[in-house]
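J.: I'm passing along input_36.cif; it holds mmCIF, C-alpha atoms.
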data_protein
loop_
_atom_site.label_atom_id
_atom_site.label_comp_id
_atom_site.auth_asym_id
_atom_site.auth_seq_id
_atom_site.Cartn_x
_atom_site.Cartn_y
_atom_site.Cartn_z
CA MET A 1 -7.65 13.50 -13.09
CA TYR A 2 -5.83 11.19 -15.46
CA LEU A 3 -8.68 8.68 -15.41
CA ALA A 4 -11.01 11.49 -16.46
CA LEU A 5 -8.62 12.63 -19.18
CA LEU A 6 -8.24 9.03 -20.34
CA GLY A 7 -11.98 9.00 -20.87
CA VAL A 8 -12.91 6.37 -18.33
CA GLY A 9 -16.66 6.48 -18.88
CA THR A 10 -17.96 6.68 -15.35
CA LEU A 11 -16.05 7.73 -12.26
CA ILE A 12 -17.64 7.37 -8.84
CA ILE A 13 -15.92 9.48 -6.18
CA ALA A 14 -16.67 8.78 -2.54
CA ASP A 15 -15.49 11.24 0.09
CA ASN A 16 -17.27 12.61 3.12
CA ASP A 17 -14.73 15.34 3.91
CA ARG A 18 -14.52 19.01 3.26
CA VAL A 19 -11.52 20.61 1.58
CA GLU A 20 -8.91 21.75 4.09
CA LEU A 21 -5.80 23.86 3.68
CA THR A 22 -3.58 20.88 4.50
CA ASN A 23 -4.99 18.96 1.52
CA LEU A 24 -3.75 21.45 -1.01
CA ASN A 25 -0.16 20.19 -1.23
CA ARG A 26 -1.30 17.02 -2.95
CA GLN A 27 -5.00 17.07 -3.79
CA ILE A 28 -4.54 19.17 -6.87
CA LEU A 29 -8.19 19.25 -7.86
CA TYR A 30 -8.75 21.78 -5.09
CA ARG A 31 -7.90 25.47 -4.77
CA GLU A 32 -7.79 27.80 -1.79
CA GLN A 33 -11.24 29.13 -2.60
CA ASP A 34 -12.60 25.58 -2.24
CA ILE A 35 -11.62 25.33 1.44
CA GLY A 36 -14.70 24.33 3.42
CA ARG A 37 -16.56 22.94 0.41
CA ARG A 38 -17.47 19.25 0.06
CA LYS A 39 -14.63 17.41 -1.62
CA ALA A 40 -16.73 15.04 -3.71
CA ALA A 41 -18.77 17.90 -5.21
CA VAL A 42 -15.70 20.01 -6.04
CA ALA A 43 -13.95 17.00 -7.55
CA LYS A 44 -16.96 16.34 -9.76
CA GLU A 45 -17.00 19.96 -10.99
CA GLN A 46 -13.29 19.94 -11.79
CA LEU A 47 -13.34 16.56 -13.52
CA GLN A 48 -16.38 17.42 -15.61
CA GLU A 49 -14.61 20.58 -16.68
CA LEU A 50 -11.57 18.53 -17.71
CA ASN A 51 -13.71 16.06 -19.62
CA PRO A 52 -17.39 16.90 -20.19
CA ASP A 53 -17.90 13.63 -22.08
CA ILE A 54 -17.60 11.36 -19.04
CA THR A 55 -20.01 10.77 -16.19
CA VAL A 56 -18.84 11.67 -12.71
CA GLN A 57 -20.89 10.69 -9.68
CA ALA A 58 -20.04 12.46 -6.43
CA LEU A 59 -20.90 10.52 -3.29
CA ASP A 60 -20.67 12.73 -0.23
CA ALA A 61 -20.67 9.72 2.03
CA THR A 62 -18.56 7.62 4.36
CA ILE A 63 -17.26 4.33 3.05
CA ASP A 64 -18.33 1.73 5.59
CA ALA A 65 -19.67 -1.81 5.73
CA ALA A 66 -23.20 -0.54 5.10
CA SER A 67 -22.39 1.65 2.10
CA VAL A 68 -19.49 -0.02 0.34
CA PHE A 69 -21.49 -2.60 -1.60
CA SER A 70 -23.96 -0.11 -3.08
CA MET A 71 -21.13 2.32 -3.90
CA THR A 72 -19.28 -0.29 -5.91
CA GLU A 73 -22.27 -1.96 -7.53
CA ASN A 74 -21.63 -2.37 -11.27
CA ALA A 75 -18.10 -0.96 -10.92
CA ASP A 76 -15.41 -2.48 -13.13
CA GLY A 77 -12.72 -1.76 -10.55
CA ILE A 78 -11.93 0.03 -7.30
CA VAL A 79 -9.13 2.57 -6.89
CA ASP A 80 -7.84 2.88 -3.35
CA ALA A 81 -7.03 6.48 -2.36
CA LEU A 82 -7.53 5.90 1.35
CA ASP A 83 -5.42 6.56 4.41
CA ASP A 84 -6.86 3.83 6.63
CA TYR A 85 -6.37 0.07 6.38
CA GLN A 86 -9.66 -0.87 8.04
CA ILE A 87 -11.53 0.82 5.18
CA ARG A 88 -9.08 -0.65 2.69
CA TYR A 89 -9.93 -4.09 4.04
CA LEU A 90 -13.60 -3.33 3.34
CA LEU A 91 -12.71 -2.49 -0.27
CA ASN A 92 -10.69 -5.69 -0.40
CA ARG A 93 -13.72 -7.66 0.78
CA VAL A 94 -16.04 -6.15 -1.78
CA ALA A 95 -13.44 -6.68 -4.52
CA LEU A 96 -13.22 -10.35 -3.56
CA GLU A 97 -16.99 -10.78 -3.40
CA ASN A 98 -17.68 -8.94 -6.67
CA GLN A 99 -14.58 -10.35 -8.39
CA ILE A 100 -13.40 -6.92 -9.50
CA PRO A 101 -9.85 -5.56 -9.30
CA LEU A 102 -8.61 -3.38 -6.47
CA PHE A 103 -5.90 -0.91 -7.45
CA HIS A 104 -4.05 -0.36 -4.19
CA GLY A 105 -1.76 2.52 -3.31
CA GLY A 106 -0.33 3.87 -0.07
CA ILE A 107 2.13 6.59 0.86
CA SER A 108 4.07 8.01 3.78
CA GLY A 109 6.43 10.91 3.33
CA PHE A 110 8.68 10.15 0.37
CA PHE A 111 7.72 6.45 0.36
CA GLY A 112 4.95 4.70 -1.47
CA GLN A 113 3.65 1.31 -2.49
CA ALA A 114 1.24 0.03 -5.12
CA THR A 115 -0.14 -3.25 -6.35
CA THR A 116 -3.07 -4.52 -8.38
CA ILE A 117 -5.25 -7.13 -6.76
CA LEU A 118 -7.13 -9.41 -9.11
CA PRO A 119 -9.49 -11.63 -7.12
CA GLY A 120 -8.99 -15.19 -8.21
CA LYS A 121 -5.55 -14.49 -9.62
CA THR A 122 -3.45 -12.68 -7.03
CA PRO A 123 -3.10 -12.53 -3.26
CA CYS A 124 -5.66 -10.20 -1.69
CA LEU A 125 -4.77 -7.04 0.25
CA LYS A 126 -5.11 -8.83 3.57
CA CYS A 127 -2.66 -11.52 2.36
CA ILE A 128 -0.16 -8.76 1.54
CA VAL A 129 -0.75 -6.54 4.58
CA PRO A 130 -2.30 -8.74 7.27
CA HIS A 131 -1.67 -6.17 10.01
CA PRO A 132 -1.87 -2.42 9.40
CA PRO A 133 0.93 -0.18 10.64
CA PRO A 134 0.13 1.86 13.75
CA ARG A 135 -2.07 4.91 13.27
CA GLU A 136 -0.12 8.10 12.93
CA VAL A 137 -0.38 11.48 11.35
CA PHE A 138 1.17 10.74 8.00
CA PRO A 139 3.64 13.22 6.66
CA VAL A 140 2.64 13.64 3.05
CA VAL A 141 4.84 14.92 0.30
CA GLY A 142 2.51 15.90 -2.51
CA VAL A 143 4.66 14.44 -5.25
CA THR A 144 4.62 11.01 -3.60
CA ALA A 145 0.82 10.95 -3.69
CA GLY A 146 0.98 12.06 -7.32
CA PHE A 147 3.57 9.44 -8.23
CA ILE A 148 1.70 6.53 -6.65
CA GLY A 149 -1.61 7.84 -8.02
CA MET A 150 -0.09 7.86 -11.52
CA ILE A 151 0.97 4.26 -11.12
CA GLN A 152 -2.55 3.33 -10.03
CA ALA A 153 -4.04 5.23 -12.99
CA THR A 154 -1.60 3.46 -15.32
CA GLU A 155 -2.75 0.12 -13.91
CA VAL A 156 -6.42 1.05 -14.43
CA CYS A 157 -5.66 2.08 -18.00
CA LYS A 158 -3.85 -1.20 -18.78
CA TYR A 159 -6.58 -3.24 -17.13
CA LEU A 160 -9.35 -1.57 -19.13
CA LEU A 161 -7.39 -1.91 -22.37
CA CYS A 162 -6.28 -5.49 -21.60
CA ARG A 163 -2.72 -4.44 -22.41
CA GLY A 164 0.65 -4.93 -20.77
CA ASP A 165 1.62 -6.59 -17.50
CA LEU A 166 -0.28 -5.50 -14.44
CA LEU A 167 1.32 -5.17 -11.01
CA ALA A 168 -0.43 -8.42 -10.19
CA GLY A 169 1.21 -10.46 -7.47
CA ARG A 170 3.90 -7.78 -7.21
CA LEU A 171 4.16 -5.01 -4.66
CA LEU A 172 5.93 -1.95 -6.05
CA LEU A 173 7.91 0.02 -3.48
CA TRP A 174 8.91 3.59 -4.21
CA ASP A 175 11.64 5.23 -2.18
CA GLY A 176 11.64 8.86 -3.20
CA MET A 177 14.55 9.70 -0.91
CA GLN A 178 16.77 7.24 -2.74
CA GLY A 179 15.08 7.65 -6.11
CA ARG A 180 14.59 3.90 -6.24
CA ILE A 181 11.79 1.63 -7.35
CA GLU A 182 11.77 -1.99 -6.29
CA GLU A 183 9.22 -4.68 -6.42
CA ILE A 184 8.70 -7.72 -4.30
CA PRO A 185 6.68 -10.78 -5.14
CA VAL A 186 3.66 -11.28 -2.89
CA GLU A 187 2.08 -14.60 -2.08
CA ASN A 188 -1.22 -15.98 -0.89
CA ASP A 189 -1.47 -16.36 2.84
CA PRO A 190 -3.18 -19.69 3.54
CA PHE A 191 -4.23 -18.26 6.92
CA CYS A 192 -5.63 -15.04 5.41
CA GLU A 193 -8.74 -13.85 7.28
CA ALA A 194 -10.25 -12.34 4.13
CA CYS A 195 -9.72 -15.04 1.52
CA ALA A 196 -8.32 -17.95 3.55
CA GLY A 197 -5.73 -18.35 0.83
CA ASN A 198 -8.47 -19.00 -1.73
CA ALA A 199 -7.87 -15.80 -3.64
CA THR A 200 -6.19 -17.66 -6.47
CA ARG A 201 -8.32 -20.77 -6.44
CA ASN A 202 -11.92 -19.71 -6.89
CA TRP A 203 -11.64 -17.94 -10.24
CA MET B 1 29.29 -15.38 6.63
CA LYS B 2 28.31 -12.38 4.55
CA VAL B 3 24.66 -11.37 4.71
CA THR B 4 22.90 -8.26 3.39
CA ILE B 5 20.14 -6.57 5.36
CA ARG B 6 17.93 -4.06 3.60
CA PHE B 7 15.67 -1.72 5.50
CA PHE B 8 12.98 0.10 3.56
CA ALA B 9 11.09 3.37 4.01
CA ARG B 10 11.07 4.68 7.60
CA PHE B 11 13.17 1.73 8.77
CA GLY B 12 15.86 2.68 6.26
CA GLU B 13 15.85 6.30 7.41
CA LEU B 14 16.49 5.18 10.98
CA LEU B 15 18.89 2.29 10.41
CA GLY B 16 20.43 2.77 6.98
CA ASN B 17 19.12 1.31 3.77
CA THR B 18 21.61 -1.45 3.08
CA LEU B 19 23.89 -3.11 5.60
CA ASN B 20 26.45 -5.73 4.67
CA VAL B 21 27.14 -7.66 7.85
CA ASP B 22 29.07 -10.67 9.04
CA ALA B 23 26.59 -13.11 10.51
CA ARG B 24 27.62 -15.79 12.93
CA GLU B 25 26.94 -19.46 12.27
CA GLY B 26 23.57 -20.50 13.67
CA MET B 27 22.17 -16.97 13.73
CA SER B 28 18.45 -16.61 13.09
CA VAL B 29 16.89 -13.94 10.89
CA ALA B 30 15.39 -12.31 13.98
CA ASP B 31 18.74 -12.29 15.82
CA LEU B 32 20.45 -10.78 12.81
CA VAL B 33 17.95 -7.95 12.44
CA LYS B 34 17.94 -7.27 16.18
CA GLU B 35 21.70 -6.98 16.23
CA ALA B 36 21.68 -4.69 13.21
CA ALA B 37 19.02 -2.45 14.80
CA SER B 38 20.45 -2.46 18.30
CA GLY B 39 22.55 0.67 17.78
CA ASN B 40 19.52 2.86 17.20
CA LYS B 41 16.82 2.75 19.86
CA ALA B 42 14.18 4.50 17.77
CA GLY B 43 14.82 2.12 14.89
CA TYR B 44 14.80 -0.93 17.15
CA ASP B 45 11.59 0.12 18.91
CA THR B 46 9.87 0.77 15.59
CA ILE B 47 10.54 -2.79 14.45
CA PHE B 48 10.46 -4.81 17.69
CA ASP B 49 8.00 -4.81 20.58
CA GLU B 50 8.88 -4.84 24.27
CA ASN B 51 9.29 -8.64 24.17
CA GLY B 52 11.82 -8.43 21.37
CA SER B 53 9.36 -9.83 18.80
CA PHE B 54 8.79 -8.28 15.41
CA ARG B 55 5.82 -5.91 15.58
CA ASP B 56 2.91 -7.54 13.79
CA PHE B 57 2.84 -5.10 10.84
CA VAL B 58 6.52 -5.57 9.97
CA ILE B 59 7.13 -7.47 6.74
CA VAL B 60 10.23 -9.68 6.62
CA MET B 61 11.57 -11.23 3.43
CA ARG B 62 14.45 -13.63 2.95
CA ASN B 63 15.83 -13.78 -0.57
CA LYS B 64 12.68 -12.12 -1.95
CA LYS B 65 10.42 -14.64 -0.26
CA ARG B 66 8.27 -13.57 2.62
CA ILE B 67 8.71 -15.30 5.94
CA ARG B 68 6.21 -15.08 8.75
CA SER B 69 7.72 -12.77 11.34
CA GLN B 70 6.87 -15.27 14.09
CA ASP B 71 9.07 -17.82 12.29
CA ALA B 72 12.02 -15.45 11.96
CA GLY B 73 13.47 -16.63 15.27
CA SER B 74 13.82 -20.19 14.02
CA ILE B 75 14.94 -19.56 10.44
CA LEU B 76 18.72 -19.49 10.21
CA VAL B 77 20.57 -17.20 7.84
CA SER B 78 22.94 -18.58 5.23
CA GLU B 79 25.91 -17.18 3.35
CA GLY B 80 24.81 -14.63 0.76
CA ASP B 81 21.28 -14.21 2.12
CA GLU B 82 19.44 -10.95 1.59
CA ILE B 83 17.07 -10.08 4.39
CA ALA B 84 14.58 -7.28 3.69
CA VAL B 85 12.55 -5.58 6.39
CA PHE B 86 9.89 -3.01 5.66
CA PRO B 87 6.70 -1.39 6.88
CA PRO B 88 3.56 -1.16 4.76
CA VAL B 89 2.62 2.50 4.33
CA ALA B 90 -0.89 3.68 5.10
CA GLY B 91 -1.32 7.26 3.95
CA GLY B 92 -3.19 8.33 0.90
#
How does the structure come out when it is put into structure tokens?
T.:
Amino acid sequence: MYLALLGVGTLIIADNDRVELTNLNRQILYREQDIGRRKAAVAKEQLQELNPDITVQALDATIDAASVFSMTENADGIVDALDDYQIRYLLNRVALENQIPLFHGGISGFFGQATTILPGKTPCLKCIVPHPPPREVFPVVGVTAGFIGMIQATEVCKYLLCRGDLLAGRLLLWDGMQGRIEEIPVENDPFCEACAGNATRNW
Amino acid sequence: MKVTIRFFARFGELLGNTLNVDAREGMSVADLVKEAASGNKAGYDTIFDENGSFRDFVIVMRNKKRIRSQDAGSILVSEGDEIAVFPPVAGG
């Protein structure tokens, strides 16, 4: 929503799901009357209403190895709003290959993390999270998704405006239970399966 | 020697966020964390596998520098160290 309100010229939204009741605590583009409708289409409607001057493309499709390259063709950046590391690793791969930034965010309950991956300048996602945590049904507190999403949107805004210091090479950790933000430096993994530690050398 | 252990996110909920502990001379990072987690089975099992090794997704830092979890058994703690242990989060 904030990217639309910022006036980011073209937003491409990829989602193959339908709106469910359990989404409504955090996915604030949707209303109860949208339950059962395709998420990408509803998101497009809502965002165009918020800002008719931007272009919104709704892709009602699964992000996979076959589709990810065409979805991100000509994109200036990728915003990660996923709940699965295997798909995140696909986005990481396409970001590395196309040399475009990946704005990463993840949440669980009251906890969240975010970082900005700049291929050629920072460690890649696989350097930072080489092994995903076990699959589980994530408890989601809506405000945590909103908080981390805001940080990602802020990063996109700064990147597009070439202003400020990005969360590059830094992983921000949000602990909502303690009301605490910390950051840790992240480093290239020379054994990284995705970039083999070359993420900061081939710019 | 005085050492600080910090558990983040779910680990912190189970084990406490910050523990100031007395570490013995010659103690490794892995030994230290195991001892700190040993009082809470759910916390211990979330961090360590059945062989007592860090689960592969667990991120371990010593003084803000990441260490490979497989090396944590051979890296000894020193006076004033801060050991941080946390899980990446996956939801979105």
J.: List the residues matched by the PyMOL selection byres ((chain A) within 6 of (chain B)) in the displayed structure as a list in words, ordered by chain and then by residue number.
T.: Ala81, Leu82, Asp83, Gly106, Ile107, Ser108, Phe111, His131, Pro132, Pro133 and Phe138 of chain A
J.: On this structure, the PyMOL selection byres ((chain B and resi 48) around 12) would catch which residues? List them as a ChimeraX atom specification, sorted by chain and number.
T.: /B:11,30-31,33-35,37-38,40-47,49-59,69-70,85,87
J.: Written as a PyMOL selection string, which residues does the PyMOL selection byres ((chain B and resi 24-29) around 8) give for the file shown?
T.: chain B and resi 1+22-23+30-33+72-77+83
J.: Find the residues near B:Lys2: any atom within 8 Å, counting only C-alpha atoms, skip ones fewer than 3 places away on the same chain, and give them as a VMD selection string.
T.: chain B and resid 20 to 23 79 to 81
J.: Once you have the residues from the selection above, write them out as a PDB file, keeping the file's coordinate frame, restricted to C-alpha atoms.
T.:
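The resulting result.pdb:
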ATOM      1  CA  ASN B  20      26.450  -5.730   4.670  1.00  0.00           C
ATOM      2  CA  VAL B  21      27.140  -7.660   7.850  1.00  0.00           C
ATOM      3  CA  ASP B  22      29.070 -10.670   9.040  1.00  0.00           C
ATOM      4  CA  ALA B  23      26.590 -13.110  10.510  1.00  0.00           C
ATOM      5  CA  GLU B  79      25.910 -17.180   3.350  1.00  0.00           C
ATOM      6  CA  GLY B  80      24.810 -14.630   0.760  1.00  0.00           C
ATOM      7  CA  ASP B  81      21.280 -14.210   2.120  1.00  0.00           C
TER       8      ASP B  81
END
J.: Within 9 Å of A:Ala14, counting all atoms listed in the file, which residues qualify if same-chain residues fewer than 3 places away don't, as a list of chain:residue names?
T.: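 Counting all atoms listed in the file, the residues come to A:Lys39, A:Ala40, A:Gln57, A:Ala58, A:Leu59, A:Asp60, A:Ala61, A:Thr62, A:Ile63, A:Met71.
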J.: Tell me which residues come within 12 Å of (-13.7, -8.9, -2.7), as JSON, numbers by chain, counting only C-alpha atoms in the file's coordinates.
T.: {"A": [68, 69, 72, 77, 78, 88, 89, 90, 91, 92, 93, 94, 95, 96, 97, 98, 99, 100, 101, 102, 117, 118, 119, 120, 122, 123, 124, 125, 126, 194, 195, 198, 199, 202, 203]}
J.: Give me, as a PDB file with C-alpha atoms, in the frame of the given file, all polymer residues having an atom no more than 8 Å from A:Leu171, counting all atoms listed in the file and skipping those fewer than 4 positions away in the same chain.
T.:
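What follows is the written file out.pdb:
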ATOM      1  CA  GLN A 113       3.650   1.310  -2.490  1.00  0.00           C
ATOM      2  CA  ALA A 114       1.240   0.030  -5.120  1.00  0.00           C
ATOM      3  CA  THR A 115      -0.140  -3.250  -6.350  1.00  0.00           C
ATOM      4  CA  LEU A 167       1.320  -5.170 -11.010  1.00  0.00           C
ATOM      5  CA  GLU A 183       9.220  -4.680  -6.420  1.00  0.00           C
ATOM      6  CA  ILE A 184       8.700  -7.720  -4.300  1.00  0.00           C
ATOM      7  CA  PRO A 185       6.680 -10.780  -5.140  1.00  0.00           C
ATOM      8  CA  VAL A 186       3.660 -11.280  -2.890  1.00  0.00           C
TER       9      VAL A 186
END
J.: Report, in Å with one decimal, the straight-line distance from atom CA of A:Gly109 to atom CA of A:Pro134.
T.: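 Interatomic distance here is 15.2 Å.
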J.: Interatomic distance between atom CA of B:Leu19 and atom CA of A:Cys127?
T.: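 Atom CA of A:Cys127 lies at a distance of 28.0 Å from atom CA of B:Leu19.
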J.: What's the separation between atom CA of A:Tyr30 and atom CA of A:Gln48, in Å to one decimal place?
T.: 13.7 Å
J.: Produce stretch 95-106 of chain A of the given structure as output with all heavy atoms, as a tab-separated table (two decimals), in the first residue's frame.
T.:
chain	number	residue	atom	x	y	z
A	95	ALA	N	17.53	-12.40	-8.23
A	95	ALA	CA	18.14	-11.10	-7.86
A	95	ALA	C	19.63	-11.11	-8.19
A	95	ALA	O	20.17	-10.14	-8.74
A	95	ALA	CB	17.93	-10.82	-6.37
A	96	LEU	N	20.29	-12.21	-7.87
A	96	LEU	CA	21.73	-12.32	-8.17
A	96	LEU	C	21.97	-12.28	-9.67
A	96	LEU	O	22.86	-11.58	-10.15
A	96	LEU	CB	22.30	-13.64	-7.60
A	96	LEU	CG	22.43	-13.74	-6.08
A	96	LEU	CD1	22.81	-15.16	-5.67
A	96	LEU	CD2	23.46	-12.77	-5.54
A	97	GLU	N	21.17	-13.05	-10.42
A	97	GLU	CA	21.39	-13.12	-11.87
A	97	GLU	C	21.09	-11.80	-12.56
A	97	GLU	O	21.79	-11.40	-13.48
A	97	GLU	CB	20.56	-14.25	-12.48
A	97	GLU	CG	21.10	-15.60	-12.03
A	97	GLU	CD	20.65	-16.75	-12.91
A	97	GLU	OE1	20.18	-16.51	-14.04
A	97	GLU	OE2	20.77	-17.89	-12.45
A	98	ASN	N	20.03	-11.13	-12.11
A	98	ASN	CA	19.63	-9.87	-12.77
A	98	ASN	C	20.28	-8.64	-12.12
A	98	ASN	O	20.04	-7.53	-12.58
A	98	ASN	CB	18.10	-9.70	-12.73
A	98	ASN	CG	17.40	-10.73	-13.60
A	98	ASN	OD1	18.05	-11.46	-14.34
A	98	ASN	ND2	16.09	-10.79	-13.50
A	99	GLN	N	21.04	-8.90	-11.04
A	99	GLN	CA	21.71	-7.79	-10.33
A	99	GLN	C	20.72	-6.71	-9.90
A	99	GLN	O	20.92	-5.52	-10.14
A	99	GLN	CB	22.81	-7.19	-11.22
A	99	GLN	CG	23.92	-8.18	-11.58
A	99	GLN	CD	24.97	-8.27	-10.49
A	99	GLN	OE1	25.70	-7.34	-10.26
A	99	GLN	NE2	25.06	-9.41	-9.82
A	100	ILE	N	19.63	-7.16	-9.29
A	100	ILE	CA	18.65	-6.21	-8.74
A	100	ILE	C	18.48	-6.51	-7.25
A	100	ILE	O	18.70	-7.64	-6.82
A	100	ILE	CB	17.28	-6.28	-9.46
A	100	ILE	CG1	16.72	-7.71	-9.46
A	100	ILE	CG2	17.39	-5.73	-10.88
A	100	ILE	CD1	15.32	-7.81	-10.03
A	101	PRO	N	18.11	-5.50	-6.47
A	101	PRO	CA	18.02	-5.73	-5.03
A	101	PRO	C	16.84	-6.62	-4.62
A	101	PRO	O	15.81	-6.64	-5.31
A	101	PRO	CB	17.84	-4.31	-4.46
A	101	PRO	CG	17.31	-3.51	-5.56
A	101	PRO	CD	17.82	-4.11	-6.84
A	102	LEU	N	17.04	-7.32	-3.53
A	102	LEU	CA	15.98	-8.12	-2.92
A	102	LEU	C	15.74	-7.55	-1.53
A	102	LEU	O	16.65	-7.51	-0.70
A	102	LEU	CB	16.41	-9.59	-2.83
A	102	LEU	CG	15.52	-10.54	-2.04
A	102	LEU	CD1	14.11	-10.61	-2.63
A	102	LEU	CD2	16.13	-11.94	-1.99
A	103	PHE	N	14.52	-7.08	-1.30
A	103	PHE	CA	14.16	-6.50	-0.01
A	103	PHE	C	13.50	-7.61	0.81
A	103	PHE	O	12.34	-7.96	0.58
A	103	PHE	CB	13.22	-5.31	-0.21
A	103	PHE	CG	13.82	-4.24	-1.09
A	103	PHE	CD1	13.58	-4.21	-2.46
A	103	PHE	CD2	14.67	-3.28	-0.54
A	103	PHE	CE1	14.15	-3.25	-3.27
A	103	PHE	CE2	15.26	-2.31	-1.34
A	103	PHE	CZ	15.00	-2.29	-2.71
A	104	HIS	N	14.26	-8.17	1.73
A	104	HIS	CA	13.81	-9.36	2.45
A	104	HIS	C	13.11	-8.99	3.76
A	104	HIS	O	13.56	-8.10	4.48
A	104	HIS	CB	15.01	-10.26	2.76
A	104	HIS	CG	14.75	-11.28	3.84
A	104	HIS	ND1	13.91	-12.36	3.64
A	104	HIS	CD2	15.17	-11.38	5.13
A	104	HIS	CE1	13.85	-13.07	4.76
A	104	HIS	NE2	14.60	-12.50	5.67
A	105	GLY	N	12.05	-9.72	4.06
A	105	GLY	CA	11.40	-9.61	5.36
A	105	GLY	C	10.82	-10.95	5.76
A	105	GLY	O	10.44	-11.75	4.90
A	106	GLY	N	10.79	-11.22	7.05
A	106	GLY	CA	10.19	-12.45	7.56
A	106	GLY	C	9.63	-12.18	8.94
A	106	GLY	O	10.13	-11.31	9.66
